[in-house]
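Asker: My structure is stored as my_file.pdb, with PDB, C-alpha atoms.
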ATOM      1  CA  MET A   1       0.000   0.000   0.000
ATOM      2  CA  GLN A   2       2.922   2.374   0.480
ATOM      3  CA  ALA A   3       3.581   2.440  -3.264
ATOM      4  CA  LYS A   4       0.114   3.903  -3.867
ATOM      5  CA  GLU A   5       0.718   6.728  -1.420
ATOM      6  CA  SER A   6       4.312   7.498  -2.357
ATOM      7  CA  ASN A   7       3.875   7.581  -6.140
ATOM      8  CA  LYS A   8       1.082   9.906  -7.186
ATOM      9  CA  ASN A   9       1.372   8.783 -10.829
ATOM     10  CA  LEU A  10      -0.206   5.436  -9.969
ATOM     11  CA  LYS A  11      -3.864   4.962 -10.698
ATOM     12  CA  ARG A  12      -6.313   2.089 -10.501
ATOM     13  CA  TYR A  13      -6.597   0.001 -13.648
ATOM     14  CA  THR A  14      -9.168  -2.658 -14.423
ATOM     15  CA  ILE A  15      -7.826  -5.389 -16.681
ATOM     16  CA  VAL A  16     -10.169  -7.928 -18.214
ATOM     17  CA  THR A  17      -8.771 -11.087 -19.722
ATOM     18  CA  ALA A  18     -10.168 -14.388 -20.928
ATOM     19  CA  MET A  19      -8.207 -17.606 -20.698
ATOM     20  CA  ASP A  20      -8.838 -21.278 -21.309
ATOM     21  CA  ASN A  21     -10.636 -22.827 -18.356
ATOM     22  CA  GLU A  22      -7.962 -25.321 -17.405
ATOM     23  CA  ALA A  23      -5.760 -26.187 -14.452
ATOM     24  CA  GLY A  24      -2.936 -23.743 -13.801
ATOM     25  CA  VAL A  25      -4.170 -20.593 -15.571
ATOM     26  CA  LEU A  26      -4.713 -18.701 -12.319
ATOM     27  CA  SER A  27      -1.244 -19.726 -11.225
ATOM     28  CA  GLN A  28       0.204 -18.382 -14.504
ATOM     29  CA  LEU A  29      -1.618 -15.085 -14.024
ATOM     30  CA  ALA A  30      -0.563 -14.704 -10.397
ATOM     31  CA  HIS A  31       3.034 -15.628 -11.228
ATOM     32  CA  LEU A  32       3.217 -12.980 -13.974
ATOM     33  CA  PHE A  33       1.848 -10.249 -11.711
ATOM     34  CA  SER A  34       4.180 -11.288  -8.893
ATOM     35  CA  ARG A  35       7.219 -11.444 -11.185
ATOM     36  CA  LYS A  36       6.481  -7.910 -12.410
ATOM     37  CA  GLY A  37       6.092  -6.619  -8.839
ATOM     38  CA  TYR A  38       2.330  -5.956  -8.898
ATOM     39  CA  ASN A  39      -0.082  -6.504  -6.063
ATOM     40  CA  ILE A  40      -3.486  -7.647  -7.297
ATOM     41  CA  GLU A  41      -5.963  -5.407  -5.471
ATOM     42  CA  THR A  42      -9.029  -7.450  -6.500
ATOM     43  CA  ILE A  43      -9.571 -10.423  -8.754
ATOM     44  CA  ALA A  44     -12.800 -12.078  -9.813
ATOM     45  CA  ALA A  45     -13.142 -14.985 -12.191
ATOM     46  CA  GLY A  46     -15.903 -17.064 -13.725
ATOM     47  CA  TRP A  47     -17.090 -18.805 -16.850
ATOM     48  CA  THR A  48     -18.119 -16.863 -19.899
ATOM     49  CA  VAL A  49     -20.838 -17.890 -22.346
ATOM     50  CA  ASP A  50     -18.408 -20.686 -23.224
ATOM     51  CA  GLN A  51     -17.689 -22.778 -20.119
ATOM     52  CA  ASN A  52     -14.271 -23.618 -21.559
ATOM     53  CA  VAL A  53     -13.228 -19.962 -21.169
ATOM     54  CA  THR A  54     -12.749 -18.141 -17.843
ATOM     55  CA  ARG A  55     -12.992 -14.358 -17.670
ATOM     56  CA  PHE A  56     -10.803 -12.617 -15.097
ATOM     57  CA  THR A  57     -11.366  -9.072 -13.864
ATOM     58  CA  ILE A  58      -8.217  -7.814 -12.168
ATOM     59  CA  GLU A  59      -7.604  -4.477 -10.497
ATOM     60  CA  ILE A  60      -4.114  -3.129  -9.859
ATOM     61  CA  PHE A  61      -2.375   0.184  -9.298
ATOM     62  CA  SER A  62       0.092   1.152 -12.012
ATOM     63  CA  ASP A  63       1.166   3.978 -14.279
ATOM     64  CA  ASP A  64       0.323   4.361 -17.976
ATOM     65  CA  GLU A  65       3.628   3.054 -19.287
ATOM     66  CA  LYS A  66       3.885  -0.022 -17.070
ATOM     67  CA  ILE A  67       0.267  -1.089 -17.609
ATOM     68  CA  LYS A  68       0.855  -1.357 -21.367
ATOM     69  CA  LEU A  69       3.944  -3.504 -20.792
ATOM     70  CA  LEU A  70       2.046  -5.731 -18.379
ATOM     71  CA  CYS A  71      -0.805  -6.234 -20.859
ATOM     72  CA  ASN A  72       1.693  -7.136 -23.580
ATOM     73  CA  GLN A  73       3.168  -9.749 -21.240
ATOM     74  CA  LEU A  74      -0.322 -11.101 -20.512
ATOM     75  CA  ARG A  75      -1.015 -11.454 -24.239
ATOM     76  CA  LYS A  76       2.007 -13.773 -24.503
ATOM     77  CA  LEU A  77       0.509 -16.371 -22.166
ATOM     78  CA  VAL A  78      -0.482 -19.473 -24.126
ATOM     79  CA  PRO A  79      -4.087 -19.993 -22.928
ATOM     80  CA  ILE A  80      -5.037 -16.302 -23.419
ATOM     81  CA  HIS A  81      -7.982 -15.217 -25.606
ATOM     82  CA  TYR A  82      -7.875 -11.455 -25.067
ATOM     83  CA  VAL A  83      -6.672  -8.704 -22.733
ATOM     84  CA  GLU A  84      -8.419  -5.343 -22.324
ATOM     85  CA  ILE A  85      -7.974  -2.333 -20.085
ATOM     86  CA  LEU A  86     -11.412  -0.994 -19.220
ATOM     87  CA  ASP A  87     -11.971   2.750 -19.158
ATOM     88  CA  SER A  88     -13.785   3.456 -15.880
ATOM     89  CA  SER A  89     -15.955   6.119 -17.524
ATOM     90  CA  LYS A  90     -17.150   3.623 -20.149
ATOM     91  CA  SER A  91     -17.645   0.566 -17.987
ATOM     92  CA  ILE A  92     -19.927  -0.789 -15.298
ATOM     93  CA  ARG A  93     -18.173  -2.001 -12.137
ATOM     94  CA  ARG A  94     -19.806  -3.960  -9.325
ATOM     95  CA  GLU A  95     -18.832  -5.972  -6.278
ATOM     96  CA  LEU A  96     -20.859  -8.285  -4.056
ATOM     97  CA  MET A  97     -20.395  -7.980  -0.301
ATOM     98  CA  LEU A  98     -21.756 -10.385   2.309
ATOM     99  CA  VAL A  99     -21.605  -9.129   5.877
ATOM    100  CA  ARG A 100     -22.731 -10.710   9.146
ATOM    101  CA  VAL A 101     -23.266  -8.258  12.023
ATOM    102  CA  HIS A 102     -24.263  -8.489  15.673
ATOM    103  CA  ALA A 103     -27.964  -7.849  16.245
ATOM    104  CA  ALA A 104     -28.536  -8.486  19.923
ATOM    105  CA  ASP A 105     -32.079  -7.127  20.150
ATOM    106  CA  ARG A 106     -35.119  -6.284  18.065
ATOM    107  CA  ALA A 107     -34.221  -2.577  17.774
ATOM    108  CA  ALA A 108     -30.764  -3.396  16.399
ATOM    109  CA  ARG A 109     -32.213  -5.923  13.924
ATOM    110  CA  ASN A 110     -34.760  -3.372  12.696
ATOM    111  CA  GLU A 111     -32.117  -0.667  12.269
ATOM    112  CA  ILE A 112     -29.792  -3.039  10.389
ATOM    113  CA  ILE A 113     -32.634  -4.110   8.091
ATOM    114  CA  GLN A 114     -33.440  -0.433   7.397
ATOM    115  CA  ILE A 115     -29.807   0.258   6.511
ATOM    116  CA  GLY A 116     -29.881  -2.766   4.209
ATOM    117  CA  ASN A 117     -33.041  -1.459   2.526
ATOM    118  CA  ILE A 118     -31.496   1.981   1.956
ATOM    119  CA  PHE A 119     -28.568   0.309   0.171
ATOM    120  CA  ARG A 120     -30.901  -2.043  -1.734
ATOM    121  CA  GLY A 121     -29.354  -4.933   0.129
ATOM    122  CA  SER A 122     -30.948  -8.244   1.000
ATOM    123  CA  VAL A 123     -31.252 -10.070   4.291
ATOM    124  CA  ILE A 124     -29.711 -13.479   3.645
ATOM    125  CA  ASP A 125     -29.874 -14.971   7.152
ATOM    126  CA  ILE A 126     -31.170 -13.896  10.531
ATOM    127  CA  THR A 127     -30.718 -15.422  13.972
ATOM    128  CA  SER A 128     -31.483 -14.230  17.475
ATOM    129  CA  ASP A 129     -28.091 -12.496  17.715
ATOM    130  CA  SER A 130     -26.943 -11.735  14.140
ATOM    131  CA  ILE A 131     -28.050 -10.744  10.650
ATOM    132  CA  THR A 132     -26.297 -11.524   7.376
ATOM    133  CA  LEU A 133     -26.891  -9.123   4.499
ATOM    134  CA  SER A 134     -25.734  -8.855   0.911
ATOM    135  CA  VAL A 135     -25.220  -5.705  -1.100
ATOM    136  CA  THR A 136     -24.002  -5.140  -4.637
ATOM    137  CA  GLY A 137     -22.449  -1.927  -5.860
ATOM    138  CA  ASP A 138     -19.336   0.054  -6.640
ATOM    139  CA  ASP A 139     -16.452   0.654  -4.223
ATOM    140  CA  GLN A 140     -18.038   3.720  -2.641
ATOM    141  CA  LYS A 141     -21.373   2.030  -1.991
ATOM    142  CA  THR A 142     -19.899  -1.107  -0.415
ATOM    143  CA  LYS A 143     -17.514   0.981   1.709
ATOM    144  CA  ALA A 144     -20.341   3.235   2.952
ATOM    145  CA  PHE A 145     -22.453   0.160   3.758
ATOM    146  CA  GLU A 146     -19.586  -1.398   5.699
ATOM    147  CA  ASP A 147     -18.917   1.839   7.599
ATOM    148  CA  LEU A 148     -22.546   2.118   8.757
ATOM    149  CA  LEU A 149     -22.602  -1.483   9.968
ATOM    150  CA  LYS A 150     -19.375  -1.185  11.978
ATOM    151  CA  GLU A 151     -21.198   0.347  14.943
ATOM    152  CA  PHE A 152     -23.165  -2.910  15.366
ATOM    153  CA  GLY A 153     -20.032  -5.025  15.289
ATOM    154  CA  ILE A 154     -19.109  -6.844  12.114
ATOM    155  CA  ILE A 155     -18.669 -10.553  12.780
ATOM    156  CA  GLU A 156     -17.611 -11.557   9.287
ATOM    157  CA  LEU A 157     -17.249  -9.867   5.919
ATOM    158  CA  ALA A 158     -16.659 -11.364   2.462
ATOM    159  CA  ARG A 159     -16.202  -9.485  -0.812
ATOM    160  CA  THR A 160     -16.067 -10.880  -4.323
ATOM    161  CA  GLY A 161     -13.760  -8.309  -5.852
ATOM    162  CA  ILE A 162     -14.777  -6.116  -8.750
ATOM    163  CA  VAL A 163     -16.406  -7.480 -11.876
ATOM    164  CA  ALA A 164     -16.639  -5.093 -14.789
ATOM    165  CA  ILE A 165     -17.993  -4.912 -18.305
ATOM    166  CA  GLU A 166     -18.014  -2.205 -20.954
ATOM    167  CA  ARG A 167     -21.171  -0.188 -21.362
ATOM    168  CA  GLY A 168     -23.177  -0.705 -24.542
ATOM    169  CA  GLU A 169     -22.671   1.873 -27.245
ATOM    170  CA  MET A 170     -25.272   4.618 -27.487
TER     171      MET A 170
END
Translate this file's structure into structure tokens.

Answerer:
Amino acid sequence: MQAKESNKNLKRYTIVTAMDNEAGVLSQLAHLFSRKGYNIETIAAGWTVDQNVTRFTIEIFSDDEKIKLLCNQLRKLVPIHYVEILDSSKSIRRELMLVRVHAADRAARNEIIQIGNIFRGSVIDITSDSITLSVTGDDQKTKAFEDLLKEFGIIELARTGIVAIERGEM
């Protein structure tokens, strides 16, 4: 994290790549990023329309020159189909967050449910002493949701990492 603060030329990049869905492709990706000295901030992966192809959405901090070199290196991997850098102004970015919080009494449960409703979240599970909610949104939305729930005591939190896709042309 120090590199982000010390070098103001770094910015967040979202790289989308598709690779053959076979053993070892994630290892190849991680090894390349590690070898080049990058920390993967978020990574999300899943099948595409073709279950033989996995689409990875990867977020890193870099500068303009180094990101181009990294993408060229990615394109050299054997199981690769494509590599794209998504423009944040022309793409849709979302993350899923699951969070379980303490809810010791009825008033706390009601307040937590109201917060969930404001963020268009869903109650996934409820017990006598906790509530699990899900929310989908961009970085700012999930962070704001998390911040509001901290006062109740977060028991567990899981995030998927960003998935992104280009907007349709208008």

Asker: Around all listed atoms of segment 83-100 of chain A, padded 5 Å per side, what centre and edge lengths does the axis-aligned box have in Å to one decimal, as AutoDock Vina command-line options?

Answerer:
--center_x -14.7 --center_y -2.3 --center_z -6.8 --size_x 26.1 --size_y 26.8 --size_z 41.9

Asker: Suppose you want the space between atom CA of Glu59 of chain A and atom CA of Ile118 of chain A; what is it in Å?

Answerer: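 Atom-to-atom, atom CA of Glu59 of chain A and atom CA of Ile118 of chain A are spaced 27.7 Å apart.
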
Asker: List every protein, DNA or RNA residue that has an atom no more than 9 Å from (-20.0, -10.4, 2.6) in the file's coordinate frame, counting only C-alpha atoms, and report them as number ranges by chain.

Answerer: A: 96-100, 132-135, 156-160

Asker: Pick the closest to Lys76 of chain A from A:Ser91, A:Asn9, A:Gln28, A:Ser128: which is it, counting only C-alpha atoms?

Answerer: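 Between A:Ser91, A:Asn9, A:Gln28, A:Ser128, the residue approaching Lys76 of chain A most closely is A:Gln28.
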
Asker: Would you kindly return, as a list of chain:residue names, each protein, DNA or RNA residue with an atom no farther than 7 Å from any atom of segment 144-152 of chain A, considering all atoms listed in the file and excluding same-chain residues fewer than 6 positions away?

Answerer: A:Val101, A:His102, A:Ala103

Asker: With the file shown as input, list the residues that the PyMOL selection byres ((chain A and resi 52) around 10) selects, as a PyMOL selection string.

Answerer: chain A and resi 19-22+47-51+53-54

Asker: Quote the spacing between atom CA of Arg12 of chain A and atom CA of Ile80 of chain A in Å to one decimal place.

Answerer: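 Atom CA of Arg12 of chain A sits 22.5 Å away from atom CA of Ile80 of chain A.
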
Asker: Tell me which protein, DNA and RNA residues are within 12 Å of segment 163-170 of chain A, counting all atoms listed in the file, leaving out same-chain ones fewer than 3 positions away, and put them as a compact mmCIF listing (two decimals) with C-alpha atoms, in the coordinates of the input.

Answerer:
# COMPACT_ATOMS: atom_id res chain seq x y z
CA TYR A 13 -6.60 0.00 -13.65
CA THR A 14 -9.17 -2.66 -14.42
CA ILE A 15 -7.83 -5.39 -16.68
CA VAL A 16 -10.17 -7.93 -18.21
CA THR A 17 -8.77 -11.09 -19.72
CA THR A 42 -9.03 -7.45 -6.50
CA ILE A 43 -9.57 -10.42 -8.75
CA ALA A 44 -12.80 -12.08 -9.81
CA ALA A 45 -13.14 -14.98 -12.19
CA GLY A 46 -15.90 -17.06 -13.72
CA ARG A 55 -12.99 -14.36 -17.67
CA PHE A 56 -10.80 -12.62 -15.10
CA THR A 57 -11.37 -9.07 -13.86
CA ILE A 58 -8.22 -7.81 -12.17
CA GLU A 59 -7.60 -4.48 -10.50
CA GLU A 84 -8.42 -5.34 -22.32
CA ILE A 85 -7.97 -2.33 -20.08
CA LEU A 86 -11.41 -0.99 -19.22
CA ASP A 87 -11.97 2.75 -19.16
CA SER A 88 -13.78 3.46 -15.88
CA SER A 89 -15.96 6.12 -17.52
CA LYS A 90 -17.15 3.62 -20.15
CA SER A 91 -17.64 0.57 -17.99
CA ILE A 92 -19.93 -0.79 -15.30
CA ARG A 93 -18.17 -2.00 -12.14
CA ARG A 94 -19.81 -3.96 -9.32
CA GLU A 95 -18.83 -5.97 -6.28
CA LEU A 96 -20.86 -8.28 -4.06
CA THR A 136 -24.00 -5.14 -4.64
CA GLY A 137 -22.45 -1.93 -5.86
CA ASP A 138 -19.34 0.05 -6.64
CA ASP A 139 -16.45 0.65 -4.22
CA ARG A 159 -16.20 -9.48 -0.81
CA THR A 160 -16.07 -10.88 -4.32
